[in-house]
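The data block below is data_17.cif; it holds mmCIF, N, CA and C atoms.
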```
data_input
#
loop_
_atom_site.group_PDB
_atom_site.id
_atom_site.type_symbol
_atom_site.label_atom_id
_atom_site.label_comp_id
_atom_site.auth_asym_id
_atom_site.auth_seq_id
_atom_site.Cartn_x
_atom_site.Cartn_y
_atom_site.Cartn_z
ATOM 1 N N LYS A 166 111.799 118.584 73.521
ATOM 2 C CA LYS A 166 112.601 117.381 73.319
ATOM 3 C C LYS A 166 112.143 116.284 74.262
ATOM 4 N N THR A 167 112.259 115.062 73.797
ATOM 5 C CA THR A 167 111.968 113.920 74.653
ATOM 6 C C THR A 167 113.284 113.259 75.042
ATOM 7 N N LEU A 168 113.237 112.409 76.058
ATOM 8 C CA LEU A 168 114.450 111.704 76.458
ATOM 9 C C LEU A 168 114.982 110.836 75.328
ATOM 10 N N LYS A 169 114.064 110.209 74.571
ATOM 11 C CA LYS A 169 114.516 109.376 73.451
ATOM 12 C C LYS A 169 115.325 110.187 72.449
ATOM 13 N N SER A 170 114.889 111.410 72.155
ATOM 14 C CA SER A 170 115.619 112.221 71.183
ATOM 15 C C SER A 170 116.957 112.681 71.748
ATOM 16 N N ILE A 171 117.024 112.918 73.050
ATOM 17 C CA ILE A 171 118.286 113.322 73.669
ATOM 18 C C ILE A 171 119.300 112.192 73.596
ATOM 19 N N TRP A 172 118.854 110.951 73.767
ATOM 20 C CA TRP A 172 119.760 109.810 73.796
ATOM 21 C C TRP A 172 119.951 109.144 72.442
ATOM 22 N N LYS A 173 119.303 109.655 71.406
ATOM 23 C CA LYS A 173 119.421 109.059 70.080
ATOM 24 C C LYS A 173 120.888 109.076 69.638
ATOM 25 N N GLY A 174 121.370 107.947 69.158
ATOM 26 C CA GLY A 174 122.741 107.854 68.669
ATOM 27 C C GLY A 174 123.773 107.549 69.740
ATOM 28 N N LYS A 175 123.347 107.461 70.988
ATOM 29 C CA LYS A 175 124.277 107.156 72.077
ATOM 30 C C LYS A 175 124.565 105.661 72.121
ATOM 31 N N LYS A 176 125.714 105.316 72.688
ATOM 32 C CA LYS A 176 126.045 103.913 72.911
ATOM 33 C C LYS A 176 125.104 103.349 73.975
ATOM 34 N N PRO A 177 124.778 102.048 73.893
ATOM 35 C CA PRO A 177 123.873 101.456 74.891
ATOM 36 C C PRO A 177 124.316 101.712 76.328
ATOM 37 N N SER A 178 125.606 101.732 76.577
ATOM 38 C CA SER A 178 126.097 101.958 77.943
ATOM 39 C C SER A 178 125.847 103.385 78.426
ATOM 40 N N GLU A 179 125.534 104.302 77.520
ATOM 41 C CA GLU A 179 125.291 105.699 77.875
ATOM 42 C C GLU A 179 123.810 106.009 78.076
ATOM 43 N N ILE A 180 122.957 105.041 77.784
ATOM 44 C CA ILE A 180 121.513 105.258 77.874
ATOM 45 C C ILE A 180 120.999 104.696 79.201
ATOM 46 N N PRO A 181 120.320 105.508 79.986
ATOM 47 C CA PRO A 181 119.793 105.008 81.260
ATOM 48 C C PRO A 181 118.753 103.921 81.057
ATOM 49 N N GLU A 182 118.653 103.032 82.025
ATOM 50 C CA GLU A 182 117.595 102.034 82.010
ATOM 51 C C GLU A 182 116.329 102.724 82.501
ATOM 52 N N LEU A 183 115.206 102.414 81.880
ATOM 53 C CA LEU A 183 113.932 103.037 82.235
ATOM 54 C C LEU A 183 112.983 101.959 82.729
ATOM 55 N N TYR A 184 112.431 102.168 83.925
ATOM 56 C CA TYR A 184 111.485 101.229 84.516
ATOM 57 C C TYR A 184 110.162 101.945 84.775
ATOM 58 N N ILE A 185 109.076 101.207 84.613
ATOM 59 C CA ILE A 185 107.745 101.761 84.839
ATOM 60 C C ILE A 185 106.960 100.845 85.773
ATOM 61 N N PHE A 186 105.882 101.385 86.326
ATOM 62 C CA PHE A 186 104.989 100.626 87.195
ATOM 63 C C PHE A 186 104.360 99.489 86.411
ATOM 64 N N ASN A 187 104.377 98.300 86.970
ATOM 65 C CA ASN A 187 103.758 97.130 86.357
ATOM 66 C C ASN A 187 102.326 97.030 86.864
ATOM 67 N N ASP A 188 101.386 97.391 86.031
ATOM 68 C CA ASP A 188 99.976 97.409 86.428
ATOM 69 C C ASP A 188 99.333 96.047 86.195
ATOM 70 N N LYS A 189 99.981 95.014 86.697
ATOM 71 C CA LYS A 189 99.493 93.651 86.469
ATOM 72 C C LYS A 189 98.150 93.380 87.130
ATOM 73 N N ASP A 190 97.805 94.154 88.148
ATOM 74 C CA ASP A 190 96.533 93.950 88.850
ATOM 75 C C ASP A 190 95.477 94.973 88.446
ATOM 76 N N ASN A 191 95.747 95.719 87.355
ATOM 77 C CA ASN A 191 94.825 96.772 86.908
ATOM 78 C C ASN A 191 94.433 97.706 88.054
ATOM 79 N N SER A 192 95.435 98.158 88.795
ATOM 80 C CA SER A 192 95.160 98.970 89.985
ATOM 81 C C SER A 192 95.264 100.467 89.725
ATOM 82 N N ARG A 193 95.438 100.876 88.473
ATOM 83 C CA ARG A 193 95.572 102.312 88.193
ATOM 84 C C ARG A 193 94.363 103.100 88.684
ATOM 85 N N ASP A 194 93.194 102.470 88.710
ATOM 86 C CA ASP A 194 92.018 103.194 89.193
ATOM 87 C C ASP A 194 92.103 103.453 90.696
ATOM 88 N N LYS A 195 93.027 102.790 91.384
ATOM 89 C CA LYS A 195 93.224 103.001 92.818
ATOM 90 C C LYS A 195 94.234 104.118 93.086
ATOM 91 N N GLY A 196 94.906 104.588 92.044
ATOM 92 C CA GLY A 196 95.931 105.616 92.204
ATOM 93 C C GLY A 196 97.321 105.007 92.124
ATOM 94 N N ILE A 197 98.269 105.827 91.723
ATOM 95 C CA ILE A 197 99.644 105.363 91.613
ATOM 96 C C ILE A 197 100.591 106.453 92.102
ATOM 97 N N LEU A 198 101.817 106.058 92.379
ATOM 98 C CA LEU A 198 102.861 107.007 92.719
ATOM 99 C C LEU A 198 103.266 107.730 91.446
ATOM 100 N N HIS A 199 103.231 109.052 91.473
ATOM 101 C CA HIS A 199 103.483 109.832 90.263
ATOM 102 C C HIS A 199 104.884 110.445 90.223
ATOM 103 N N ALA A 200 105.680 110.221 91.246
ATOM 104 C CA ALA A 200 107.030 110.781 91.289
ATOM 105 C C ALA A 200 107.928 110.081 90.268
ATOM 106 N N LYS A 201 108.951 110.787 89.848
ATOM 107 C CA LYS A 201 109.955 110.223 88.964
ATOM 108 C C LYS A 201 111.276 110.236 89.705
ATOM 109 N N ALA A 202 112.122 109.250 89.439
ATOM 110 C CA ALA A 202 113.428 109.184 90.087
ATOM 111 C C ALA A 202 114.483 108.860 89.039
ATOM 112 N N LEU A 203 115.585 109.552 89.138
ATOM 113 C CA LEU A 203 116.726 109.316 88.265
ATOM 114 C C LEU A 203 117.914 109.041 89.169
ATOM 115 N N ILE A 204 118.499 107.842 89.053
ATOM 116 C CA ILE A 204 119.622 107.453 89.907
ATOM 117 C C ILE A 204 120.876 107.363 89.045
ATOM 118 N N LYS A 205 121.949 107.989 89.523
ATOM 119 C CA LYS A 205 123.222 107.991 88.794
ATOM 120 C C LYS A 205 124.288 107.335 89.662
ATOM 121 N N ASP A 206 124.864 106.277 89.140
ATOM 122 C CA ASP A 206 126.040 105.650 89.748
ATOM 123 C C ASP A 206 125.892 105.299 91.224
ATOM 124 N N ASP A 207 124.730 104.932 91.678
ATOM 125 C CA ASP A 207 124.493 104.540 93.079
ATOM 126 C C ASP A 207 124.764 105.648 94.084
ATOM 127 N N THR A 208 125.080 106.858 93.642
ATOM 128 C CA THR A 208 125.488 107.896 94.590
ATOM 129 C C THR A 208 124.639 109.155 94.540
ATOM 130 N N VAL A 209 123.878 109.343 93.480
ATOM 131 C CA VAL A 209 123.072 110.552 93.325
ATOM 132 C C VAL A 209 121.690 110.156 92.840
ATOM 133 N N ILE A 210 120.656 110.729 93.453
ATOM 134 C CA ILE A 210 119.285 110.483 93.009
ATOM 135 C C ILE A 210 118.527 111.805 92.942
ATOM 136 N N LEU A 211 117.796 111.975 91.868
ATOM 137 C CA LEU A 211 116.877 113.095 91.718
ATOM 138 C C LEU A 211 115.473 112.521 91.794
ATOM 139 N N VAL A 212 114.681 113.000 92.738
ATOM 140 C CA VAL A 212 113.278 112.617 92.860
ATOM 141 C C VAL A 212 112.474 113.861 92.535
ATOM 142 N N THR A 213 111.573 113.752 91.565
ATOM 143 C CA THR A 213 110.861 114.933 91.088
ATOM 144 C C THR A 213 109.442 114.583 90.663
ATOM 145 N N SER A 214 108.607 115.594 90.629
ATOM 146 C CA SER A 214 107.256 115.424 90.105
ATOM 147 C C SER A 214 107.233 115.653 88.599
ATOM 148 N N ALA A 215 108.322 116.174 88.051
ATOM 149 C CA ALA A 215 108.365 116.573 86.645
ATOM 150 C C ALA A 215 108.360 115.376 85.703
ATOM 151 N N ASN A 216 107.564 115.481 84.650
ATOM 152 C CA ASN A 216 107.714 114.557 83.544
ATOM 153 C C ASN A 216 109.026 114.941 82.870
ATOM 154 N N LEU A 217 109.802 113.980 82.472
ATOM 155 C CA LEU A 217 111.123 114.269 81.938
ATOM 156 C C LEU A 217 111.070 114.504 80.432
ATOM 157 N N THR A 218 110.309 115.513 80.049
ATOM 158 C CA THR A 218 110.228 115.935 78.652
ATOM 159 C C THR A 218 110.556 117.420 78.590
ATOM 160 N N GLY A 219 110.974 117.869 77.447
ATOM 161 C CA GLY A 219 111.317 119.274 77.289
ATOM 162 C C GLY A 219 110.154 120.190 77.590
ATOM 163 N N SER A 220 108.977 119.871 77.043
ATOM 164 C CA SER A 220 107.829 120.755 77.253
ATOM 165 C C SER A 220 107.417 120.798 78.723
ATOM 166 N N ALA A 221 107.481 119.677 79.405
ATOM 167 C CA ALA A 221 107.126 119.663 80.827
ATOM 168 C C ALA A 221 108.120 120.480 81.638
ATOM 169 N N MET A 222 109.394 120.368 81.287
ATOM 170 C CA MET A 222 110.421 121.095 82.022
ATOM 171 C C MET A 222 110.366 122.603 81.743
ATOM 172 N N GLU A 223 109.934 122.979 80.566
ATOM 173 C CA GLU A 223 109.927 124.392 80.189
ATOM 174 C C GLU A 223 108.644 125.112 80.595
ATOM 175 N N ARG A 224 107.502 124.410 80.660
ATOM 176 C CA ARG A 224 106.218 125.077 80.899
ATOM 177 C C ARG A 224 105.638 124.851 82.279
ATOM 178 N N ASN A 225 105.950 123.756 82.915
ATOM 179 C CA ASN A 225 105.317 123.418 84.182
ATOM 180 C C ASN A 225 106.150 123.884 85.369
ATOM 181 N N LEU A 226 105.480 124.125 86.465
ATOM 182 C CA LEU A 226 106.157 124.391 87.726
ATOM 183 C C LEU A 226 106.235 123.059 88.453
ATOM 184 N N GLU A 227 107.425 122.544 88.586
ATOM 185 C CA GLU A 227 107.629 121.235 89.202
ATOM 186 C C GLU A 227 108.563 121.380 90.393
ATOM 187 N N PHE A 228 108.683 120.314 91.147
ATOM 188 C CA PHE A 228 109.526 120.331 92.330
ATOM 189 C C PHE A 228 110.329 119.047 92.370
ATOM 190 N N GLY A 229 111.585 119.146 92.733
ATOM 191 C CA GLY A 229 112.429 117.973 92.842
ATOM 192 C C GLY A 229 113.445 118.136 93.947
ATOM 193 N N ILE A 230 113.967 117.009 94.399
ATOM 194 C CA ILE A 230 114.977 117.003 95.444
ATOM 195 C C ILE A 230 116.134 116.133 94.976
ATOM 196 N N LEU A 231 117.340 116.677 95.094
ATOM 197 C CA LEU A 231 118.561 115.964 94.741
ATOM 198 C C LEU A 231 119.216 115.468 96.023
ATOM 199 N N HIS A 232 119.471 114.172 96.093
ATOM 200 C CA HIS A 232 120.139 113.573 97.253
ATOM 201 C C HIS A 232 121.429 112.920 96.793
ATOM 202 N N GLU A 233 122.407 112.886 97.683
ATOM 203 C CA GLU A 233 123.661 112.198 97.403
ATOM 204 C C GLU A 233 123.995 111.264 98.556
ATOM 205 N N GLY A 234 124.793 110.251 98.257
ATOM 206 C CA GLY A 234 125.282 109.360 99.309
ATOM 207 C C GLY A 234 124.358 108.217 99.627
ATOM 208 N N LYS A 235 124.271 107.900 100.924
ATOM 209 C CA LYS A 235 123.547 106.716 101.379
ATOM 210 C C LYS A 235 122.076 106.733 100.977
ATOM 211 N N ILE A 236 121.454 107.891 100.952
ATOM 212 C CA ILE A 236 120.052 107.970 100.546
ATOM 213 C C ILE A 236 119.889 107.454 99.115
ATOM 214 N N ALA A 237 120.791 107.841 98.220
ATOM 215 C CA ALA A 237 120.731 107.380 96.833
ATOM 216 C C ALA A 237 120.974 105.878 96.753
ATOM 217 N N THR A 238 121.927 105.383 97.524
ATOM 218 C CA THR A 238 122.220 103.941 97.539
ATOM 219 C C THR A 238 121.007 103.163 98.034
ATOM 220 N N ASN A 239 120.368 103.642 99.102
ATOM 221 C CA ASN A 239 119.173 102.977 99.630
ATOM 222 C C ASN A 239 118.018 103.026 98.631
ATOM 223 N N ALA A 240 117.866 104.147 97.938
ATOM 224 C CA ALA A 240 116.793 104.270 96.943
ATOM 225 C C ALA A 240 117.010 103.293 95.803
ATOM 226 N N LYS A 241 118.250 103.151 95.356
ATOM 227 C CA LYS A 241 118.528 102.197 94.270
ATOM 228 C C LYS A 241 118.188 100.782 94.721
ATOM 229 N N LYS A 242 118.546 100.432 95.940
ATOM 230 C CA LYS A 242 118.231 99.100 96.464
ATOM 231 C C LYS A 242 116.721 98.889 96.507
ATOM 232 N N LEU A 243 115.977 99.908 96.950
ATOM 233 C CA LEU A 243 114.522 99.812 96.978
ATOM 234 C C LEU A 243 113.960 99.588 95.578
ATOM 235 N N LEU A 244 114.429 100.348 94.608
ATOM 236 C CA LEU A 244 113.943 100.179 93.237
ATOM 237 C C LEU A 244 114.317 98.806 92.680
ATOM 238 N N GLN A 245 115.512 98.318 92.997
ATOM 239 C CA GLN A 245 115.895 96.974 92.559
ATOM 240 C C GLN A 245 114.970 95.922 93.167
ATOM 241 N N ASP A 246 114.602 96.104 94.428
ATOM 242 C CA ASP A 246 113.668 95.172 95.079
ATOM 243 C C ASP A 246 112.289 95.223 94.419
ATOM 244 N N LEU A 247 111.831 96.427 94.046
ATOM 245 C CA LEU A 247 110.536 96.557 93.365
ATOM 246 C C LEU A 247 110.553 95.846 92.013
ATOM 247 N N VAL A 248 111.683 95.915 91.313
ATOM 248 C CA VAL A 248 111.825 95.192 90.040
ATOM 249 C C VAL A 248 111.810 93.688 90.306
ATOM 250 N N LYS A 249 112.589 93.260 91.279
ATOM 251 C CA LYS A 249 112.675 91.837 91.611
ATOM 252 C C LYS A 249 111.315 91.249 91.983
ATOM 253 N N GLU A 250 110.503 92.031 92.697
ATOM 254 C CA GLU A 250 109.181 91.564 93.129
ATOM 255 C C GLU A 250 108.108 91.745 92.052
ATOM 256 N N GLY A 251 108.466 92.367 90.919
ATOM 257 C CA GLY A 251 107.526 92.494 89.808
ATOM 258 C C GLY A 251 106.658 93.747 89.821
ATOM 259 N N TYR A 252 106.915 94.669 90.758
ATOM 260 C CA TYR A 252 106.124 95.899 90.810
ATOM 261 C C TYR A 252 106.562 96.914 89.761
ATOM 262 N N MET A 253 107.805 96.836 89.331
ATOM 263 C CA MET A 253 108.356 97.703 88.291
ATOM 264 C C MET A 253 108.897 96.798 87.196
ATOM 265 N N VAL A 254 108.750 97.225 85.944
ATOM 266 C CA VAL A 254 109.267 96.452 84.813
ATOM 267 C C VAL A 254 110.086 97.369 83.912
ATOM 268 N N LYS A 255 111.079 96.790 83.273
ATOM 269 C CA LYS A 255 111.919 97.562 82.367
ATOM 270 C C LYS A 255 111.129 97.911 81.115
ATOM 271 N N LYS A 256 111.202 99.169 80.742
ATOM 272 C CA LYS A 256 110.532 99.637 79.505
ATOM 273 C C LYS A 256 111.559 99.616 78.393
ATOM 274 N N ASN A 257 111.174 99.025 77.285
ATOM 275 C CA ASN A 257 112.109 98.924 76.153
ATOM 276 C C ASN A 257 112.112 100.189 75.331
#
```

Here is a file; write its structure as structure tokens.
Amino acid sequence: KTLKSIWKGKKPSEIPELYIFNDKDNSRDKGILHAKALIKDDTVILVTSANLTGSAMERNLEFGILHEGKIATNAKKLLQDLVKEGYMVKKN
């Protein structure tokens, strides 16, 4: 399953916003951060190496860390700053 199929038919307010790296400088050949982060309600963040697809979750050995509280709030602020500065863009 993919995230799109999991969220199919949900109300817009129930679908998470998805942001990706903005490769405006064609810097992918220099390397990129490969971690994924899922932030819920400013209070919980999951940071993981896992691609968020069913096959990746079922077949791969991945590692993730769940944080709650101020760490999640600080991470959300950091991601908002990255969006504001143009390093991350919303994926439609």

Contacts of A:Glu250 at 12 Å (only C-alpha atoms; same-chain gap of 6+ positions) as a list in words: Phe186, Asn187, Lys189, Leu243 and Leu244 of chain A

Polymer residues at most 6.5 Å from (108.8, 110.6, 89.0) by only N, CA and C atoms, as number ranges by chain: A: 199-202, 212-215

Matched chain/residue IDs from the PyMOL selection byres ((chain A and resi 205-209) around 7), as a count of residues only: 14

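Our summary of the geometry notes that atom CA of A:Tyr252 is positioned 7.7 Å from atom CA of A:Asp188.
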
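Take atom CA of A:Gly219 and atom CA of A:Lys173: the distance between them is 14.9 Å.
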
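If you look at atom N of A:Glu227 and atom C of A:Val248, they are 29.2 Å away from each other.
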
Point (114.0, 96.9, 86.7) neighbourhood (8 Å, only N, CA and C atoms) written as a PyMOL selection string: chain A and resi 182-185+244-249+253-256

Written file, previous selection with N, CA and C atoms, as a PDB file, in the frame of the given file:
```pdb
ATOM      1  N   GLU A 182     118.653 103.032  82.025  1.00  0.00           N
ATOM      2  CA  GLU A 182     117.595 102.034  82.010  1.00  0.00           C
ATOM      3  C   GLU A 182     116.329 102.724  82.501  1.00  0.00           C
ATOM      4  N   LEU A 183     115.206 102.414  81.880  1.00  0.00           N
ATOM      5  CA  LEU A 183     113.932 103.037  82.235  1.00  0.00           C
ATOM      6  C   LEU A 183     112.983 101.959  82.729  1.00  0.00           C
ATOM      7  N   TYR A 184     112.431 102.168  83.925  1.00  0.00           N
ATOM      8  CA  TYR A 184     111.485 101.229  84.516  1.00  0.00           C
ATOM      9  C   TYR A 184     110.162 101.945  84.775  1.00  0.00           C
ATOM     10  N   ILE A 185     109.076 101.207  84.613  1.00  0.00           N
ATOM     11  CA  ILE A 185     107.745 101.761  84.839  1.00  0.00           C
ATOM     12  C   ILE A 185     106.960 100.845  85.773  1.00  0.00           C
ATOM     13  N   LEU A 244     114.429 100.348  94.608  1.00  0.00           N
ATOM     14  CA  LEU A 244     113.943 100.179  93.237  1.00  0.00           C
ATOM     15  C   LEU A 244     114.317  98.806  92.680  1.00  0.00           C
ATOM     16  N   GLN A 245     115.512  98.318  92.997  1.00  0.00           N
ATOM     17  CA  GLN A 245     115.895  96.974  92.559  1.00  0.00           C
ATOM     18  C   GLN A 245     114.970  95.922  93.167  1.00  0.00           C
ATOM     19  N   ASP A 246     114.602  96.104  94.428  1.00  0.00           N
ATOM     20  CA  ASP A 246     113.668  95.172  95.079  1.00  0.00           C
ATOM     21  C   ASP A 246     112.289  95.223  94.419  1.00  0.00           C
ATOM     22  N   LEU A 247     111.831  96.427  94.046  1.00  0.00           N
ATOM     23  CA  LEU A 247     110.536  96.557  93.365  1.00  0.00           C
ATOM     24  C   LEU A 247     110.553  95.846  92.013  1.00  0.00           C
ATOM     25  N   VAL A 248     111.683  95.915  91.313  1.00  0.00           N
ATOM     26  CA  VAL A 248     111.825  95.192  90.040  1.00  0.00           C
ATOM     27  C   VAL A 248     111.810  93.688  90.306  1.00  0.00           C
ATOM     28  N   LYS A 249     112.589  93.260  91.279  1.00  0.00           N
ATOM     29  CA  LYS A 249     112.675  91.837  91.611  1.00  0.00           C
ATOM     30  C   LYS A 249     111.315  91.249  91.983  1.00  0.00           C
ATOM     31  N   MET A 253     107.805  96.836  89.331  1.00  0.00           N
ATOM     32  CA  MET A 253     108.356  97.703  88.291  1.00  0.00           C
ATOM     33  C   MET A 253     108.897  96.798  87.196  1.00  0.00           C
ATOM     34  N   VAL A 254     108.750  97.225  85.944  1.00  0.00           N
ATOM     35  CA  VAL A 254     109.267  96.452  84.813  1.00  0.00           C
ATOM     36  C   VAL A 254     110.086  97.369  83.912  1.00  0.00           C
ATOM     37  N   LYS A 255     111.079  96.790  83.273  1.00  0.00           N
ATOM     38  CA  LYS A 255     111.919  97.562  82.367  1.00  0.00           C
ATOM     39  C   LYS A 255     111.129  97.911  81.115  1.00  0.00           C
ATOM     40  N   LYS A 256     111.202  99.169  80.742  1.00  0.00           N
ATOM     41  CA  LYS A 256     110.532  99.637  79.505  1.00  0.00           C
ATOM     42  C   LYS A 256     111.559  99.616  78.393  1.00  0.00           C
TER      43      LYS A 256
END
```

Kindly reconstruct stretch 245-255 of chain A with all heavy atoms and present the result as a PDB file, keeping the file's coordinate frame.
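The resulting file, result13.pdb, is shown below:
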```pdb
ATOM      1  N   GLN A 245     115.512  98.318  92.997  1.00  0.00           N
ATOM      2  CA  GLN A 245     115.895  96.974  92.559  1.00  0.00           C
ATOM      3  C   GLN A 245     114.970  95.922  93.167  1.00  0.00           C
ATOM      4  O   GLN A 245     114.579  94.957  92.494  1.00  0.00           O
ATOM      5  CB  GLN A 245     117.356  96.686  92.944  1.00  0.00           C
ATOM      6  CG  GLN A 245     118.349  97.452  92.115  1.00  0.00           C
ATOM      7  CD  GLN A 245     119.780  97.310  92.628  1.00  0.00           C
ATOM      8  OE1 GLN A 245     120.019  97.173  93.822  1.00  0.00           O
ATOM      9  NE2 GLN A 245     120.724  97.365  91.710  1.00  0.00           N
ATOM     10  N   ASP A 246     114.602  96.104  94.428  1.00  0.00           N
ATOM     11  CA  ASP A 246     113.668  95.172  95.079  1.00  0.00           C
ATOM     12  C   ASP A 246     112.289  95.223  94.419  1.00  0.00           C
ATOM     13  O   ASP A 246     111.641  94.186  94.244  1.00  0.00           O
ATOM     14  CB  ASP A 246     113.549  95.471  96.575  1.00  0.00           C
ATOM     15  CG  ASP A 246     114.810  95.105  97.359  1.00  0.00           C
ATOM     16  OD1 ASP A 246     115.666  94.372  96.819  1.00  0.00           O
ATOM     17  OD2 ASP A 246     114.928  95.571  98.515  1.00  0.00           O
ATOM     18  N   LEU A 247     111.831  96.427  94.046  1.00  0.00           N
ATOM     19  CA  LEU A 247     110.536  96.557  93.365  1.00  0.00           C
ATOM     20  C   LEU A 247     110.553  95.846  92.013  1.00  0.00           C
ATOM     21  O   LEU A 247     109.560  95.227  91.620  1.00  0.00           O
ATOM     22  CB  LEU A 247     110.173  98.029  93.195  1.00  0.00           C
ATOM     23  CG  LEU A 247     109.818  98.781  94.477  1.00  0.00           C
ATOM     24  CD1 LEU A 247     109.682 100.277  94.205  1.00  0.00           C
ATOM     25  CD2 LEU A 247     108.534  98.227  95.091  1.00  0.00           C
ATOM     26  N   VAL A 248     111.683  95.915  91.313  1.00  0.00           N
ATOM     27  CA  VAL A 248     111.825  95.192  90.040  1.00  0.00           C
ATOM     28  C   VAL A 248     111.810  93.688  90.306  1.00  0.00           C
ATOM     29  O   VAL A 248     111.092  92.929  89.637  1.00  0.00           O
ATOM     30  CB  VAL A 248     113.113  95.619  89.304  1.00  0.00           C
ATOM     31  CG1 VAL A 248     113.383  94.710  88.117  1.00  0.00           C
ATOM     32  CG2 VAL A 248     113.010  97.070  88.853  1.00  0.00           C
ATOM     33  N   LYS A 249     112.589  93.260  91.279  1.00  0.00           N
ATOM     34  CA  LYS A 249     112.675  91.837  91.611  1.00  0.00           C
ATOM     35  C   LYS A 249     111.315  91.249  91.983  1.00  0.00           C
ATOM     36  O   LYS A 249     110.980  90.135  91.605  1.00  0.00           O
ATOM     37  CB  LYS A 249     113.662  91.650  92.769  1.00  0.00           C
ATOM     38  CG  LYS A 249     113.907  90.222  93.161  1.00  0.00           C
ATOM     39  CD  LYS A 249     114.942  90.167  94.283  1.00  0.00           C
ATOM     40  CE  LYS A 249     115.142  88.754  94.755  1.00  0.00           C
ATOM     41  NZ  LYS A 249     116.089  88.681  95.865  1.00  0.00           N
ATOM     42  N   GLU A 250     110.503  92.031  92.697  1.00  0.00           N
ATOM     43  CA  GLU A 250     109.181  91.564  93.129  1.00  0.00           C
ATOM     44  C   GLU A 250     108.108  91.745  92.052  1.00  0.00           C
ATOM     45  O   GLU A 250     106.962  91.355  92.250  1.00  0.00           O
ATOM     46  CB  GLU A 250     108.764  92.285  94.411  1.00  0.00           C
ATOM     47  CG  GLU A 250     109.661  91.982  95.603  1.00  0.00           C
ATOM     48  CD  GLU A 250     109.593  90.527  96.034  1.00  0.00           C
ATOM     49  OE1 GLU A 250     108.498  89.926  95.979  1.00  0.00           O
ATOM     50  OE2 GLU A 250     110.651  89.989  96.420  1.00  0.00           O
ATOM     51  N   GLY A 251     108.466  92.367  90.919  1.00  0.00           N
ATOM     52  CA  GLY A 251     107.526  92.494  89.808  1.00  0.00           C
ATOM     53  C   GLY A 251     106.658  93.747  89.821  1.00  0.00           C
ATOM     54  O   GLY A 251     105.767  93.880  88.993  1.00  0.00           O
ATOM     55  N   TYR A 252     106.915  94.669  90.758  1.00  0.00           N
ATOM     56  CA  TYR A 252     106.124  95.899  90.810  1.00  0.00           C
ATOM     57  C   TYR A 252     106.562  96.914  89.761  1.00  0.00           C
ATOM     58  O   TYR A 252     105.781  97.772  89.353  1.00  0.00           O
ATOM     59  CB  TYR A 252     106.215  96.544  92.196  1.00  0.00           C
ATOM     60  CG  TYR A 252     105.520  95.731  93.254  1.00  0.00           C
ATOM     61  CD1 TYR A 252     106.248  94.927  94.124  1.00  0.00           C
ATOM     62  CD2 TYR A 252     104.134  95.737  93.380  1.00  0.00           C
ATOM     63  CE1 TYR A 252     105.628  94.161  95.095  1.00  0.00           C
ATOM     64  CE2 TYR A 252     103.500  94.983  94.341  1.00  0.00           C
ATOM     65  CZ  TYR A 252     104.257  94.194  95.192  1.00  0.00           C
ATOM     66  OH  TYR A 252     103.623  93.435  96.137  1.00  0.00           O
ATOM     67  N   MET A 253     107.805  96.836  89.331  1.00  0.00           N
ATOM     68  CA  MET A 253     108.356  97.703  88.291  1.00  0.00           C
ATOM     69  C   MET A 253     108.897  96.798  87.196  1.00  0.00           C
ATOM     70  O   MET A 253     109.450  95.731  87.480  1.00  0.00           O
ATOM     71  CB  MET A 253     109.483  98.579  88.838  1.00  0.00           C
ATOM     72  CG  MET A 253     109.124  99.450  90.020  1.00  0.00           C
ATOM     73  SD  MET A 253     108.065 100.831  89.616  1.00  0.00           S
ATOM     74  CE  MET A 253     109.172 101.873  88.719  1.00  0.00           C
ATOM     75  N   VAL A 254     108.750  97.225  85.944  1.00  0.00           N
ATOM     76  CA  VAL A 254     109.267  96.452  84.813  1.00  0.00           C
ATOM     77  C   VAL A 254     110.086  97.369  83.912  1.00  0.00           C
ATOM     78  O   VAL A 254     109.811  98.574  83.819  1.00  0.00           O
ATOM     79  CB  VAL A 254     108.136  95.779  84.000  1.00  0.00           C
ATOM     80  CG1 VAL A 254     107.458  94.700  84.812  1.00  0.00           C
ATOM     81  CG2 VAL A 254     107.112  96.798  83.513  1.00  0.00           C
ATOM     82  N   LYS A 255     111.079  96.790  83.273  1.00  0.00           N
ATOM     83  CA  LYS A 255     111.919  97.562  82.367  1.00  0.00           C
ATOM     84  C   LYS A 255     111.129  97.911  81.115  1.00  0.00           C
ATOM     85  O   LYS A 255     110.439  97.072  80.544  1.00  0.00           O
ATOM     86  CB  LYS A 255     113.174  96.777  82.000  1.00  0.00           C
ATOM     87  CG  LYS A 255     114.182  97.589  81.257  1.00  0.00           C
ATOM     88  CD  LYS A 255     115.488  96.840  81.117  1.00  0.00           C
ATOM     89  CE  LYS A 255     116.514  97.725  80.452  1.00  0.00           C
ATOM     90  NZ  LYS A 255     117.812  97.049  80.381  1.00  0.00           N
TER      91      LYS A 255
END
```
